[in-house]
file query.pdb (PDB, C-alpha atoms)
ATOM      1  CA  MET A   1      -8.927 -24.069  15.174
ATOM      2  CA  ASP A   2      -7.516 -20.758  16.382
ATOM      3  CA  ARG A   3      -6.355 -17.832  14.266
ATOM      4  CA  ILE A   4      -3.233 -15.729  14.666
ATOM      5  CA  PHE A   5      -3.063 -12.841  12.234
ATOM      6  CA  CYS A   6      -0.911  -9.999  10.948
ATOM      7  CA  HIS A   7      -2.985  -7.538   8.930
ATOM      8  CA  GLY A   8      -1.923  -4.391   7.122
ATOM      9  CA  ILE A   9       1.708  -5.334   6.535
ATOM     10  CA  THR A  10       2.975  -2.695   4.092
ATOM     11  CA  LEU A  11       6.188  -3.343   2.169
ATOM     12  CA  PHE A  12       7.971  -1.819  -0.822
ATOM     13  CA  ALA A  13       9.235  -4.272  -3.446
ATOM     14  CA  HIS A  14       9.847  -4.776  -7.173
ATOM     15  CA  HIS A  15       7.293  -7.363  -8.344
ATOM     16  CA  GLY A  16       5.008  -7.231 -11.368
ATOM     17  CA  LEU A  17       4.737  -8.003 -15.059
ATOM     18  CA  PHE A  18       5.687  -4.562 -16.345
ATOM     19  CA  ASP A  19       9.244  -3.228 -16.636
ATOM     20  CA  GLU A  20       8.232  -0.083 -14.717
ATOM     21  CA  GLU A  21       7.160  -2.217 -11.758
ATOM     22  CA  ALA A  22      10.496  -4.016 -11.725
ATOM     23  CA  HIS A  23      12.468  -0.794 -12.074
ATOM     24  CA  LEU A  24      10.498   1.628  -9.889
ATOM     25  CA  GLY A  25       8.949  -0.784  -7.410
ATOM     26  CA  GLN A  26       5.705  -0.245  -5.536
ATOM     27  CA  ARG A  27       3.847  -0.773  -2.274
ATOM     28  CA  PHE A  28       2.338  -4.118  -1.387
ATOM     29  CA  GLU A  29      -0.157  -4.687   1.422
ATOM     30  CA  ILE A  30      -0.433  -8.132   2.961
ATOM     31  CA  ASP A  31      -2.882  -9.705   5.414
ATOM     32  CA  ILE A  32      -2.077 -13.168   6.726
ATOM     33  CA  ASP A  33      -4.149 -15.434   8.967
ATOM     34  CA  CYS A  34      -2.429 -18.511  10.406
ATOM     35  CA  TYR A  35      -4.690 -21.260  11.743
ATOM     36  CA  THR A  36      -3.293 -23.347  14.578
ATOM     37  CA  THR A  37      -4.074 -24.388  18.117
ATOM     38  CA  THR A  38      -3.056 -21.917  20.804
ATOM     39  CA  ARG A  39      -3.489 -24.249  23.776
ATOM     40  CA  ALA A  40       0.273 -24.715  24.168
ATOM     41  CA  ALA A  41       0.627 -20.934  24.224
ATOM     42  CA  GLU A  42      -1.396 -20.731  27.447
ATOM     43  CA  ARG A  43       1.675 -21.820  29.397
ATOM     44  CA  LYS A  44       3.579 -19.198  31.386
ATOM     45  CA  ASP A  45       6.490 -19.235  28.926
ATOM     46  CA  HIS A  46       5.179 -16.996  26.147
ATOM     47  CA  ASN A  47       8.264 -17.685  24.011
ATOM     48  CA  SER A  48       6.991 -21.223  23.533
ATOM     49  CA  ALA A  49       3.909 -20.091  21.602
ATOM     50  CA  PRO A  50       3.602 -22.277  18.523
ATOM     51  CA  VAL A  51       3.177 -19.311  16.161
ATOM     52  CA  ARG A  52       4.943 -16.034  16.948
ATOM     53  CA  TYR A  53       3.726 -12.800  15.350
ATOM     54  CA  ASP A  54       7.251 -11.512  14.812
ATOM     55  CA  HIS A  55       8.242 -14.709  13.020
ATOM     56  CA  VAL A  56       5.209 -14.535  10.716
ATOM     57  CA  TYR A  57       5.970 -10.877   9.934
ATOM     58  CA  GLU A  58       9.635 -11.629   9.206
ATOM     59  CA  ILE A  59       8.744 -14.487   6.839
ATOM     60  CA  VAL A  60       6.376 -12.204   4.926
ATOM     61  CA  ARG A  61       8.916  -9.359   4.827
ATOM     62  CA  ARG A  62      11.764 -11.602   3.712
ATOM     63  CA  THR A  63       9.660 -13.274   1.010
ATOM     64  CA  VAL A  64       8.277 -10.029  -0.408
ATOM     65  CA  VAL A  65      11.340  -7.777  -0.107
ATOM     66  CA  ASP A  66      14.305 -10.162  -0.361
ATOM     67  CA  GLY A  67      12.782 -13.046  -2.331
ATOM     68  CA  PRO A  68      12.912 -13.507  -6.094
ATOM     69  CA  ARG A  69      10.958 -11.108  -8.293
ATOM     70  CA  VAL A  70       7.645 -12.532  -9.498
ATOM     71  CA  GLY A  71       5.218 -11.314 -12.119
ATOM     72  CA  LEU A  72       1.913 -12.195 -10.482
ATOM     73  CA  LEU A  73       0.418 -11.550  -7.066
ATOM     74  CA  GLU A  74      -0.692 -15.194  -7.084
ATOM     75  CA  GLU A  75       2.967 -16.268  -7.237
ATOM     76  CA  LEU A  76       3.894 -13.926  -4.413
ATOM     77  CA  ALA A  77       1.079 -15.263  -2.213
ATOM     78  CA  GLU A  78       2.155 -18.862  -2.977
ATOM     79  CA  ASN A  79       5.766 -18.040  -2.073
ATOM     80  CA  ILE A  80       4.630 -16.607   1.272
ATOM     81  CA  SER A  81       2.474 -19.682   1.897
ATOM     82  CA  ASP A  82       5.319 -22.074   1.082
ATOM     83  CA  ALA A  83       7.728 -20.202   3.379
ATOM     84  CA  VAL A  84       5.302 -20.140   6.323
ATOM     85  CA  PHE A  85       4.545 -23.862   6.033
ATOM     86  CA  GLU A  86       8.260 -24.630   5.718
ATOM     87  CA  GLU A  87       9.323 -22.577   8.741
ATOM     88  CA  ILE A  88       6.402 -22.853  11.168
ATOM     89  CA  GLU A  89       5.290 -26.423  11.735
ATOM     90  CA  ALA A  90       2.409 -25.387  14.012
ATOM     91  CA  VAL A  91       0.521 -23.650  11.175
ATOM     92  CA  ASP A  92      -2.135 -26.051   9.874
ATOM     93  CA  ALA A  93      -3.788 -23.694   7.391
ATOM     94  CA  LEU A  94      -3.522 -20.098   6.287
ATOM     95  CA  ARG A  95      -5.188 -17.337   4.354
ATOM     96  CA  ILE A  96      -3.123 -14.692   2.587
ATOM     97  CA  GLU A  97      -4.334 -11.539   0.878
ATOM     98  CA  VAL A  98      -1.858  -9.535  -1.214
ATOM     99  CA  ARG A  99      -2.870  -6.120  -2.569
ATOM    100  CA  LYS A 100      -1.250  -3.568  -4.889
ATOM    101  CA  PRO A 101      -2.823  -0.198  -4.057
ATOM    102  CA  GLY A 102      -0.911   1.500  -6.886
ATOM    103  CA  ALA A 103      -1.283  -1.155  -9.579
ATOM    104  CA  PRO A 104      -0.668   0.194 -13.100
ATOM    105  CA  VAL A 105      -4.274  -0.329 -14.178
ATOM    106  CA  PRO A 106      -6.450   2.420 -15.656
ATOM    107  CA  GLY A 107      -9.371   3.441 -13.499
ATOM    108  CA  ALA A 108     -10.134   4.411  -9.926
ATOM    109  CA  PHE A 109      -9.812   1.759  -7.226
ATOM    110  CA  LYS A 110      -8.650   1.378  -3.636
ATOM    111  CA  SER A 111      -6.504  -1.674  -4.353
ATOM    112  CA  ILE A 112      -6.223  -4.713  -6.567
ATOM    113  CA  GLY A 113      -5.234  -8.055  -5.149
ATOM    114  CA  VAL A 114      -5.509 -11.766  -4.666
ATOM    115  CA  GLU A 115      -6.501 -14.000  -1.767
ATOM    116  CA  ILE A 116      -5.438 -17.614  -1.323
ATOM    117  CA  SER A 117      -6.268 -20.222   1.313
ATOM    118  CA  ARG A 118      -4.027 -23.238   1.846
ATOM    119  CA  GLN A 119      -3.878 -26.255   4.164
ATOM    120  CA  ARG A 120      -1.033 -28.632   4.908
TER     121      ARG A 120
END
call {"tool": "encode", "arguments": {"input": "query.pdb", "output": "structure tokens"}}
result
Amino acid sequence: MDRIFCHGITLFAHHGLFDEEAHLGQRFEIDIDCYTTTRAAERKDHNSAPVRYDHVYEIVRRTVVDGPRVGLLEELAENISDAVFEEIEAVDALRIEVRKPGAPVPGAFKSIGVEISRQR
């Protein structure tokens, strides 16, 4: 199985359990790996690639920024997964990592997050 990925997607949105997170918003960082076969993409017509990077990015952006507010990163990752599987038939499996670098948690850390792996 081949992997097409978009790593380091950084978006501003209003997710989280705390009122401050809903009101002020915060940065989210997302990595997504889509597992598929790229053999069809070897044709001369590059627009016929089964998984397009720009489409994956737009699904992530739309889900995180325009989608419903969620309390948990796990919910956000599941929503992204559901949207990718719904819109891109060629994706057989995926891995999504969602991080909150500015999570309202006491202590020093680079980021806090969740990683999920899903298959059709």
call {"tool": "residues_around", "arguments": {"input": "query.pdb", "residues": "segment 96-113 of chain A", "least_positions_apart": "2", "cutoff": "7 Å", "atoms": "only C-alpha atoms", "output": "PyMOL selection string"}}
result
chain A and resi 26-33+73+77+94+115-117
call {"tool": "resolve_selection", "arguments": {"input": "query.pdb", "expression": "the PyMOL selection byres ((chain A and resi 76) around 10)", "output": "ChimeraX atom specification"}}
result
/A:15-16,60,63-64,67-75,77-82,96,98,114
call {"tool": "closest_residue", "arguments": {"input": "query.pdb", "among": "A:Val56, A:Cys34, A:Ala22, A:Val51", "to": "Ile9 of chain A", "atoms": "only C-alpha atoms"}}
result
A:Val56
call {"tool": "atom_distance", "arguments": {"input": "query.pdb", "atom1": "atom CA of Arg61 of chain A", "atom2": "atom CA of Leu11 of chain A"}}
result
7.1 Å
call {"tool": "atom_distance", "arguments": {"input": "query.pdb", "atom1": "atom CA of His55 of chain A", "atom2": "atom CA of Gly25 of chain A"}}
result
24.7 Å
call {"tool": "atom_distance", "arguments": {"input": "query.pdb", "atom1": "atom CA of Tyr53 of chain A", "atom2": "atom CA of Val65 of chain A"}}
result
17.9 Å
call {"tool": "closest_residue", "arguments": {"input": "query.pdb", "among": "A:Ile88, A:Ala13, A:Ala93, A:Leu24", "to": "Asp66 of chain A", "atoms": "all atoms listed in the file"}}
result
A:Ala13
call {"tool": "closest_residue", "arguments": {"input": "query.pdb", "among": "A:Val84, A:Met1, A:Leu17, A:Cys6", "to": "Arg39 of chain A", "atoms": "only C-alpha atoms"}}
result
A:Met1
call {"tool": "axis_aligned_box", "arguments": {"input": "query.pdb", "around": "segment 90-102 of chain A", "padding_each_side": "5 Å", "output": "AutoDock Vina command-line options"}}
result
--center_x -1.4 --center_y -12.3 --center_z 3.6 --size_x 17.6 --size_y 37.6 --size_z 30.9
